[in-house]
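Encoded as structure tokens, the structure appears first; notes follow it.
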Amino acid sequence: MNKTKVTKKTGKKILRFGVLVVLIVLLYVLGLAGLFSTNAMRILLNIALYVTLGTMWNLMSGFTGMTSLGQQAFIGIAGYTLCVITSTYNLPFWIGIVLGGLFSAILALLMSMVLFRMRGMYFAIATWVTAEALKTFFTSWKFVKMGAGMSVKARPYPGVSLIYVIALSLSIIAILVVYSLLKSKTGLGLNAMRDDADAASSVGVNIFRSRLLCFVVSGFFTGIAGAIFYLNRGSIFPSGGFGTEWTVAIVFIVIIGGIGTIEGPILGAIIYVALSEYLSKYPGYSMIILGFIAIVVIVALPYGIAGTIERKLNLTVFSTRRTLEG
Amino acid sequence: MDTLLSFKNVDAGYGRVKVLSDLNFEVYRGEVFGVIGPNGCGKTTMFNALIGLIQPTKGEIHFDGHNITNMSANARCNLGLGRTYQVPRPFENMSVFENVLVAAVHGAGLSEQAARPECQRALEITGLYDKHAVRSGELTLLDRKRLEIARALGTAPKMLLLDEVAAGLTEAEVQDVMALVANLKAEGFTIIWIEHVIETMVNSTNRLMCMSEGTDLLIGDPREVMASEQVEAVYLGVEEDE
Amino acid sequence: MAQQLINGILLGGVYALVGVGMTMIFGIVQLTNLAHGEFIILAAYLSSVISVGLGLSPLLTLIITVPLMFVIGYILQNVLINKLMERGSEPALLVTFGLSIIIQNALLLIFSADANRLIVSFQALSIPLGGMGRIPVLNLVVCLIGIATLFVLNLFLKKTYIGRSIRATSDDKVAAALMGVNVKQTYGIAMGLALATAAIAGTMVGMIYPFYPSTGSGYLIIAFGVVVIGGMGSITGTLVAGFIFGLAQVLGGSNYGLLIGYLVLIVMLAVRPQGLFAK
Ligand SMILES: Nc1ncnc2c1ncn2[C@@H]1O[C@H](COP(=O)(O)OP(=O)(O)OP(=O)(O)O)[C@@H](O)[C@H]1O
Ligand SMILES: [Mg+2]
């Protein structure tokens, strides 16, 4: 009886795994073979980037309980790094992307020295203030041409299909990194911290180290995603790169999708990009409508779509549950 | 006597509120050290200072040869301090087993594989084995209290800190918990035990400390402490207020 | 230099007013209202519409905007936030974030991104101070109204029954509930009062500075600064915080002033991680 249960479980696992692999292979092959229209590719590219951004915010807010409202700090820094590296120093764009991620990770490290002394709302406020301060600073910094913005230089300029493949790979790596992090010893502690940080520390969970790890990982990937976004866009301005709109989108994605689940940001990103595409016909209204939807979901579906499904149907794709049977 | 823990002139509190003032006591290896005192005298706060949820503003705490006064809570847990909370604080979204697993992996430093048998043992001792897959947020108060103990045991402690594990339970449930603590005592754990039930305190502890207004009023043989006029005055003083 | 000091101090009175509503909500309801800046700008636009429509002086529009904003706050708290607060502080925080987006974009839709300004008759008047510079009448009036509002609010909280129950709730909501205070109702009134101060603040900043739908976030940061530096329930603290930000803004110029403000704020947050509320 026990054995059939186990094989049934493994069967299910293999099935889920198979479906995922087929899906991913399809996304690659169709993209590389040029079977998507440019428009479809652009949409998928955006979804992939938002999946990464959402996954990384979720790692912070959903698992360590640190709500950041300043993810745009990483996006802006990385976007500007890409521009400076390619147009000021004439280096290849991929160096710009990698350095963008590294500078974002370093920024996260620097921020942590000051910001980790704060809890809850103070942390949220301070991340946002940091991003606003960076925006103001970049607006008056000659080296990055102040408010006039900068552009990305690359010859030949990578086509949308190449950027799409990079973004898709990034999102897959981001999900895998978060998933294996949650499956690790640290991840076990994160799950505990999320419920009660004090109690977690008193059973030996190193809260500071776990938070730092998540913050730096989150900064790194958010930066890379930002750099790829600006590689596709071609130019950056302080108001956009460090814009609050980034956090709005990210929070919307994770809240709608389901905070504290791995599936949530994926679902949320698809919904967000689809909605924004649809709402782009009604300029001016889209942010208002997104705001309303977010409030309705926060009120009516406290665990988001994925969280509600997980609770009601006991259904997950990426489970980080541990059982006594092993 | 082999001293495992000592508080030396400790002051501690929350923000600007000072709760502990000039607290001094020692706990010997292998003993059950009882702590009594009127509500709000700082017993739980003493645990908070001991495990590092709050930092002393004065004085020193030594445990097992280490000065732990300024150590982080997780480091103190790793040294062998296992604590239960008066108001249980389970990781509500995790299963009973996962709760104990966190303690065994992070507190005792085991791999998840090596931790499984240890968790199973902690669950068996506390009578929670049948409920290992239940989400801990759904447990009854009695089971939450048991889980507190199981989780503390999971960290492989040298010293167990029990904060009113019997409070709020029915008469029969209290008997269950008492038997459990007697078991732990027999296993040789050093225990600090906070409880209001005077009878058990007198019968099951080796030494007893009565706290009053954040300081150690009297420490000694349980019967002598209970018989002292000072202790009587503290409790009577409280009753007059109520 | 003397002139800048004068300007900075006068600005401080308004900034204290910008922050006092945020401080109240933070201290009493234990909510960070991320939409406070947008409510201030919303009030500025309301004032503008009413003063143009009815041909009133912006100062007189307060008769309408203050009660209106009070009602909005009261309803918002009772219909939405009170319920969310039962689930912890995060959902409510995110909802105020959503509100700020909605208000900002709705204003953008209705009024476009162009600068707006509230015009009063004594716009250009100033009092000469010998060789020390001049005191602009408008800034003086605005500063005095700010300080007066703070004192009236303080008096209200100390002397009236509702005020005292608000303070009791903020000290210990369980005890207050036991003493018969309707906690949720009290929160509603507190939010109403906070938005009433936002209404006054909106008119004041609208008279001395141009405003756009997106200027709310700048005022939110100032309000944060007042929360963190000033401390709740202390009129002096709120005023001092206002003056610090006013001076930083004036001395540092439009760009660096804001940057200095941010840095002061982050350092304050780091040095006092729990804020100044630890009683
Ligand atoms: N987190 C806190 N912040 C501020 N004050 C606190 C906090 N926790 C406890 N106190 C205060 O510290 C004092 C001591 O509380 P403590 O919980 O240590 O008492 P206790 O002896 O454990 O009481 P009891 O027998 O009721 O459990 C009380 O006055 C209490 O109000
Ligand atoms: Mg206690």
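By convention in this document, the chains of the structure tokens carry letters A, B, ... by their order, each chain's residues are numbered from 1, and ligands are numbered from 1 in the order they are shown.
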Set the cut-off to 10 Å, count only C-alpha atoms and all ligand atoms, and list whatever residues fall near ligand 1 as an NGL selection string.
(:B and (12-20 or 35-49 or 53-54 or 86-87 or 163-164 or 167 or 194-196 or 211-214)) or (:C and (278-279))
Go ahead and save the residues from that selection, with C-alpha atoms, as a PDB file, in the first residue's frame.
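again-v8.pdb written:
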ATOM      1  CA  ALA B  12      17.557  44.020  30.459  1.00  0.00           C
ATOM      2  CA  GLY B  13      14.259  45.178  29.033  1.00  0.00           C
ATOM      3  CA  TYR B  14      12.338  46.319  25.962  1.00  0.00           C
ATOM      4  CA  GLY B  15      13.355  49.666  24.477  1.00  0.00           C
ATOM      5  CA  ARG B  16      13.274  52.103  27.337  1.00  0.00           C
ATOM      6  CA  VAL B  17      11.336  49.772  29.644  1.00  0.00           C
ATOM      7  CA  LYS B  18      13.709  48.107  32.084  1.00  0.00           C
ATOM      8  CA  VAL B  19      12.324  44.784  33.303  1.00  0.00           C
ATOM      9  CA  LEU B  20      15.280  42.837  34.722  1.00  0.00           C
ATOM     10  CA  VAL B  35      11.477  29.741  38.727  1.00  0.00           C
ATOM     11  CA  ILE B  36       8.398  31.293  40.294  1.00  0.00           C
ATOM     12  CA  GLY B  37       7.235  34.832  40.794  1.00  0.00           C
ATOM     13  CA  PRO B  38       4.126  36.955  40.382  1.00  0.00           C
ATOM     14  CA  ASN B  39       2.792  37.820  36.927  1.00  0.00           C
ATOM     15  CA  GLY B  40       4.918  40.377  35.134  1.00  0.00           C
ATOM     16  CA  CYS B  41       7.952  40.027  37.396  1.00  0.00           C
ATOM     17  CA  GLY B  42      10.161  39.227  34.401  1.00  0.00           C
ATOM     18  CA  LYS B  43      10.426  35.423  34.200  1.00  0.00           C
ATOM     19  CA  THR B  44       9.768  35.250  30.464  1.00  0.00           C
ATOM     20  CA  THR B  45      11.959  38.297  29.991  1.00  0.00           C
ATOM     21  CA  MET B  46      14.766  36.395  31.699  1.00  0.00           C
ATOM     22  CA  PHE B  47      14.396  33.666  29.049  1.00  0.00           C
ATOM     23  CA  ASN B  48      14.362  36.288  26.301  1.00  0.00           C
ATOM     24  CA  ALA B  49      17.626  37.727  27.610  1.00  0.00           C
ATOM     25  CA  LEU B  53      15.956  37.953  21.796  1.00  0.00           C
ATOM     26  CA  ILE B  54      16.840  41.018  23.862  1.00  0.00           C
ATOM     27  CA  GLN B  86       4.850  30.470  27.034  1.00  0.00           C
ATOM     28  CA  VAL B  87       2.464  31.386  24.240  1.00  0.00           C
ATOM     29  CA  ASP B 163       8.135  28.542  30.087  1.00  0.00           C
ATOM     30  CA  GLU B 164       4.809  27.612  31.718  1.00  0.00           C
ATOM     31  CA  ALA B 167      -0.458  26.985  31.852  1.00  0.00           C
ATOM     32  CA  ILE B 194       8.985  28.444  34.967  1.00  0.00           C
ATOM     33  CA  GLU B 195       5.579  27.488  36.358  1.00  0.00           C
ATOM     34  CA  HIS B 196       2.894  28.905  38.631  1.00  0.00           C
ATOM     35  CA  MET B 211      11.741  36.466  41.243  1.00  0.00           C
ATOM     36  CA  SER B 212      10.247  39.796  42.145  1.00  0.00           C
ATOM     37  CA  GLU B 213      10.338  42.983  40.108  1.00  0.00           C
ATOM     38  CA  GLY B 214      13.028  41.693  37.784  1.00  0.00           C
TER      39      GLY B 214
ATOM     40  CA  ALA C 278       9.768  53.204  21.551  1.00  0.00           C
ATOM     41  CA  LYS C 279       8.009  54.752  24.498  1.00  0.00           C
TER      42      LYS C 279
END
Find the residues near Gly149 of chain A: any atom within 12 Å, counting only C-alpha atoms, skip ones fewer than 6 places away on the same chain, and give them as a PyMOL selection string.
chain A and resi 76+79-80+83-84+87+135+138-143+230+234-242
At a cut-off of 9 Å, using only C-alpha atoms, what residues contact Val141 of chain C? Leave out same-chain residues fewer than 5 positions from it and give the result as an MDAnalysis selection string.
chainID C and resid 10 136 146
Name the residues in contact with Ser6 of chain B at a cut-off of 9 Å, using only C-alpha atoms, excluding same-chain residues fewer than 5 positions from it; report them as a list in words.
Asn24, Phe25, Glu26, Val27, Tyr28, Glu60, Ile61, His62 and Phe63 of chain B
With DSSP run on the backbone, what are the alpha helix (DSSP H) residues within segment 55-267 of chain A? I'd like them as a ChimeraX atom specification.
/A:55-58,72-83,93-115,120-139,160-183,185-195,197-202,207-233,238-241,244-257,263-267
Mind listing as an MDAnalysis selection string which residues of chain B are within 8 Å of chain A, counting only C-alpha atoms?
chainID B and resid 51:53 73:78 82:83 89:94 97:99 102:103 105:108 111:112 116 120 132:133 151:152 155
Between C:Ser121, C:Asn33, C:Ser48, C:Ser126, which one has atoms that come closest to Thr96 of chain C, using only C-alpha atoms?
C:Asn33
Leaving out segment 173-176 of chain B and any residue of its chain fewer than 5 positions from it, which residues lie within 12 Å of it when counting only C-alpha atoms, given as a short mmCIF file (atom, residue, chain, number, x, y, z; two decimals) with all heavy atoms, in the first residue's frame?
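Generated file (result.cif):
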data_model
loop_
_atom_site.label_atom_id
_atom_site.label_comp_id
_atom_site.auth_asym_id
_atom_site.auth_seq_id
_atom_site.Cartn_x
_atom_site.Cartn_y
_atom_site.Cartn_z
N ILE B 125 8.82 11.15 21.89
CA ILE B 125 8.90 11.52 23.31
C ILE B 125 7.74 12.43 23.69
O ILE B 125 7.14 12.31 24.75
CB ILE B 125 10.24 12.25 23.60
CG1 ILE B 125 11.42 11.30 23.42
CG2 ILE B 125 10.23 12.84 25.01
CD1 ILE B 125 12.76 11.97 23.61
N THR B 126 7.41 13.37 22.80
CA THR B 126 6.37 14.34 23.13
C THR B 126 4.98 13.87 22.74
O THR B 126 4.00 14.60 22.92
CB THR B 126 6.66 15.68 22.42
OG1 THR B 126 6.91 15.40 21.03
CG2 THR B 126 7.87 16.36 23.01
N GLY B 127 4.89 12.67 22.19
CA GLY B 127 3.57 12.12 21.84
C GLY B 127 2.93 12.77 20.63
O GLY B 127 1.71 12.82 20.50
N THR B 140 -4.17 21.80 18.49
CA THR B 140 -4.80 22.30 19.71
C THR B 140 -3.71 22.88 20.62
O THR B 140 -2.52 22.68 20.39
CB THR B 140 -5.46 21.14 20.48
OG1 THR B 140 -4.41 20.21 20.84
CG2 THR B 140 -6.49 20.43 19.65
N LEU B 141 -4.15 23.58 21.67
CA LEU B 141 -3.18 24.21 22.57
C LEU B 141 -2.23 23.18 23.17
O LEU B 141 -1.02 23.38 23.21
CB LEU B 141 -3.90 24.99 23.68
CG LEU B 141 -2.94 25.69 24.64
CD1 LEU B 141 -2.10 26.73 23.93
CD2 LEU B 141 -3.70 26.34 25.79
N LEU B 142 -2.79 22.04 23.63
CA LEU B 142 -1.95 21.01 24.23
C LEU B 142 -0.87 20.56 23.27
O LEU B 142 0.30 20.47 23.61
CB LEU B 142 -2.81 19.81 24.67
CG LEU B 142 -2.02 18.60 25.19
CD1 LEU B 142 -1.26 18.94 26.46
CD2 LEU B 142 -2.95 17.41 25.42
N ASP B 143 -1.28 20.31 22.01
CA ASP B 143 -0.31 19.84 21.03
C ASP B 143 0.70 20.92 20.67
O ASP B 143 1.86 20.64 20.39
CB ASP B 143 -1.03 19.34 19.77
CG ASP B 143 -1.65 17.97 20.00
OD1 ASP B 143 -1.20 17.29 20.96
OD2 ASP B 143 -2.58 17.59 19.26
N LYS B 145 1.82 23.08 22.76
CA LYS B 145 2.79 23.08 23.86
C LYS B 145 3.76 21.91 23.70
O LYS B 145 4.95 22.03 23.94
CB LYS B 145 2.07 22.97 25.19
CG LYS B 145 1.16 24.15 25.45
CD LYS B 145 1.42 24.78 26.78
CE LYS B 145 0.73 26.12 26.85
NZ LYS B 145 1.17 26.93 27.97
N ARG B 146 3.23 20.78 23.29
CA ARG B 146 4.10 19.62 23.04
C ARG B 146 5.09 19.93 21.92
O ARG B 146 6.26 19.57 21.99
CB ARG B 146 3.26 18.41 22.63
CG ARG B 146 2.49 17.82 23.77
CD ARG B 146 1.61 16.75 23.21
NE ARG B 146 1.23 15.79 24.24
CZ ARG B 146 0.16 15.05 24.17
NH1 ARG B 146 -0.65 15.14 23.12
NH2 ARG B 146 -0.13 14.20 25.12
N GLU B 164 6.22 27.90 31.42
CA GLU B 164 4.81 27.61 31.72
C GLU B 164 4.20 26.64 30.71
O GLU B 164 3.19 26.93 30.08
CB GLU B 164 4.00 28.92 31.76
CG GLU B 164 4.56 29.87 32.80
CD GLU B 164 3.58 30.95 33.23
OE1 GLU B 164 2.37 30.74 33.02
OE2 GLU B 164 4.02 31.96 33.78
N VAL B 165 4.82 25.47 30.59
CA VAL B 165 4.29 24.48 29.65
C VAL B 165 2.94 23.95 30.11
O VAL B 165 2.20 23.38 29.33
CB VAL B 165 5.27 23.31 29.44
CG1 VAL B 165 6.39 23.71 28.51
CG2 VAL B 165 5.83 22.80 30.75
N ALA B 166 2.58 24.16 31.38
CA ALA B 166 1.31 23.62 31.86
C ALA B 166 0.20 24.67 31.90
O ALA B 166 -0.97 24.33 32.07
CB ALA B 166 1.49 23.01 33.25
N ALA B 167 0.56 25.94 31.72
CA ALA B 167 -0.46 26.99 31.85
C ALA B 167 -1.51 26.89 30.75
O ALA B 167 -1.19 26.59 29.61
CB ALA B 167 0.21 28.36 31.82
N GLY B 168 -2.75 27.11 31.11
CA GLY B 168 -3.82 27.16 30.13
C GLY B 168 -4.35 25.80 29.72
O GLY B 168 -5.23 25.70 28.88
N VAL B 181 7.63 16.11 31.40
CA VAL B 181 8.78 16.81 31.96
C VAL B 181 9.56 15.87 32.90
O VAL B 181 10.79 15.88 32.90
CB VAL B 181 8.35 18.10 32.69
CG1 VAL B 181 9.56 18.77 33.32
CG2 VAL B 181 7.66 19.05 31.73
N ALA B 182 8.82 15.05 33.65
CA ALA B 182 9.49 14.08 34.53
C ALA B 182 10.40 13.16 33.72
O ALA B 182 11.53 12.86 34.10
CB ALA B 182 8.44 13.27 35.29
N ASN B 183 9.90 12.76 32.55
CA ASN B 183 10.67 11.95 31.61
C ASN B 183 11.96 12.63 31.20
O ASN B 183 13.03 12.02 31.17
CB ASN B 183 9.84 11.77 30.33
CG ASN B 183 9.45 10.33 30.16
OD1 ASN B 183 10.11 9.46 30.69
ND2 ASN B 183 8.38 10.10 29.41
N GLU B 195 6.96 27.97 36.23
CA GLU B 195 5.58 27.49 36.36
C GLU B 195 4.92 28.16 37.56
O GLU B 195 5.60 28.53 38.53
CB GLU B 195 5.58 25.97 36.56
CG GLU B 195 4.30 25.27 36.15
CD GLU B 195 4.12 25.20 34.63
OE1 GLU B 195 4.89 24.48 33.95
OE2 GLU B 195 3.21 25.87 34.12
N VAL B 197 2.33 26.59 39.17
CA VAL B 197 1.75 25.55 40.01
C VAL B 197 2.74 25.20 41.13
O VAL B 197 3.70 24.47 40.91
CB VAL B 197 1.43 24.28 39.19
CG1 VAL B 197 0.62 23.30 40.01
CG2 VAL B 197 0.70 24.65 37.92
N THR B 200 3.80 21.40 42.09
CA THR B 200 4.77 20.74 41.20
C THR B 200 6.14 21.35 41.36
O THR B 200 7.16 20.63 41.31
CB THR B 200 4.38 20.91 39.71
OG1 THR B 200 3.31 21.80 39.62
CG2 THR B 200 4.10 19.59 39.09
#
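For the pair atom CA of Gly268 of chain A and atom CA of Ile256 of chain A, the interatomic distance is 5.6 Å.
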In Å, how far is it from atom CA of Val226 of chain C to atom CA of Lys83 of chain C?
27.2 Å
Close residues, segment 156-161 of chain B itself excluded, 7 Å, only C-alpha atoms, min 6 positions apart in chain, as a ChimeraX atom specification:
/B:80-84,108,189-193
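Using only C-alpha atoms, the shortest contact distance between chain A and any of C:Leu125, C:Val20, C:Met207, C:Leu80 is found at C:Leu80.
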Step one, run DSSP on the backbone; step two, keep only residues of segment 86-324 of chain A assigned to strand (DSSP E or B); then write them as a VMD selection string.
chain A and resid 150 to 151 235 to 236
Near chain C, 6 Å: chain A residue rows, closest pairs, only C-alpha atoms, as a tab-separated table:
residue	atom	partner	partner_atom	distance
A:Val114	CA	C:Ala270	CA	5.8
A:Arg117	CA	C:Pro273	CA	5.9
A:Met118	CA	C:Pro273	CA	4.7
A:Ala133	CA	C:Leu259	CA	5.7
A:Gly284	CA	C:Leu109	CA	5.7
A:Ile288	CA	C:Ile102	CA	4.6
A:Gly291	CA	C:Gly98	CA	4.9
A:Ile295	CA	C:Val95	CA	5.6
Residues just named, written with all heavy atoms as a compact mmCIF listing (two decimals), in the first residue's frame:
# COMPACT_ATOMS: atom_id res chain seq x y z
N VAL A 114 23.29 49.20 5.99
CA VAL A 114 22.48 50.21 6.69
C VAL A 114 21.05 49.69 6.90
O VAL A 114 20.49 49.79 7.99
CB VAL A 114 22.45 51.52 5.86
CG1 VAL A 114 21.65 52.57 6.61
CG2 VAL A 114 23.86 52.00 5.58
N ARG A 117 19.41 47.02 9.60
CA ARG A 117 19.12 47.38 10.99
C ARG A 117 17.64 47.68 11.15
O ARG A 117 17.17 47.86 12.27
CB ARG A 117 19.94 48.59 11.37
CG ARG A 117 21.44 48.38 11.18
CD ARG A 117 22.13 49.71 11.12
NE ARG A 117 21.89 50.46 12.34
CZ ARG A 117 22.76 50.53 13.34
NH1 ARG A 117 23.90 49.92 13.24
NH2 ARG A 117 22.48 51.20 14.43
N MET A 118 16.93 47.76 10.03
CA MET A 118 15.52 48.14 10.10
C MET A 118 14.65 46.91 9.89
O MET A 118 15.02 45.97 9.24
CB MET A 118 15.18 49.14 9.02
CG MET A 118 16.13 50.30 8.99
SD MET A 118 15.94 51.20 7.47
CE MET A 118 17.45 52.15 7.48
N ALA A 133 16.58 58.31 -4.07
CA ALA A 133 17.83 59.07 -3.94
C ALA A 133 18.71 58.81 -5.16
O ALA A 133 19.31 59.73 -5.71
CB ALA A 133 18.56 58.69 -2.66
N GLY A 284 -3.55 55.68 -20.10
CA GLY A 284 -4.06 56.50 -19.01
C GLY A 284 -4.87 55.68 -18.03
O GLY A 284 -4.78 55.89 -16.83
N ILE A 288 -4.55 52.65 -13.52
CA ILE A 288 -5.69 52.74 -12.59
C ILE A 288 -6.35 51.37 -12.45
O ILE A 288 -6.64 50.90 -11.34
CB ILE A 288 -6.72 53.78 -13.09
CG1 ILE A 288 -6.03 55.15 -13.25
CG2 ILE A 288 -7.89 53.87 -12.15
CD1 ILE A 288 -6.91 56.23 -13.81
N GLY A 291 -4.19 48.99 -10.58
CA GLY A 291 -4.26 49.31 -9.14
C GLY A 291 -5.51 48.73 -8.51
O GLY A 291 -5.47 48.13 -7.44
N ILE A 295 -5.86 45.78 -5.58
CA ILE A 295 -6.55 45.96 -4.30
C ILE A 295 -7.62 44.88 -4.11
O ILE A 295 -7.74 44.28 -3.04
CB ILE A 295 -7.16 47.37 -4.21
CG1 ILE A 295 -6.03 48.39 -4.10
CG2 ILE A 295 -8.09 47.48 -3.01
CD1 ILE A 295 -6.49 49.82 -4.01
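Our summary of the geometry notes that atom CA of Gly34 of chain A is positioned 11.3 Å from atom CA of Gly159 of chain A.
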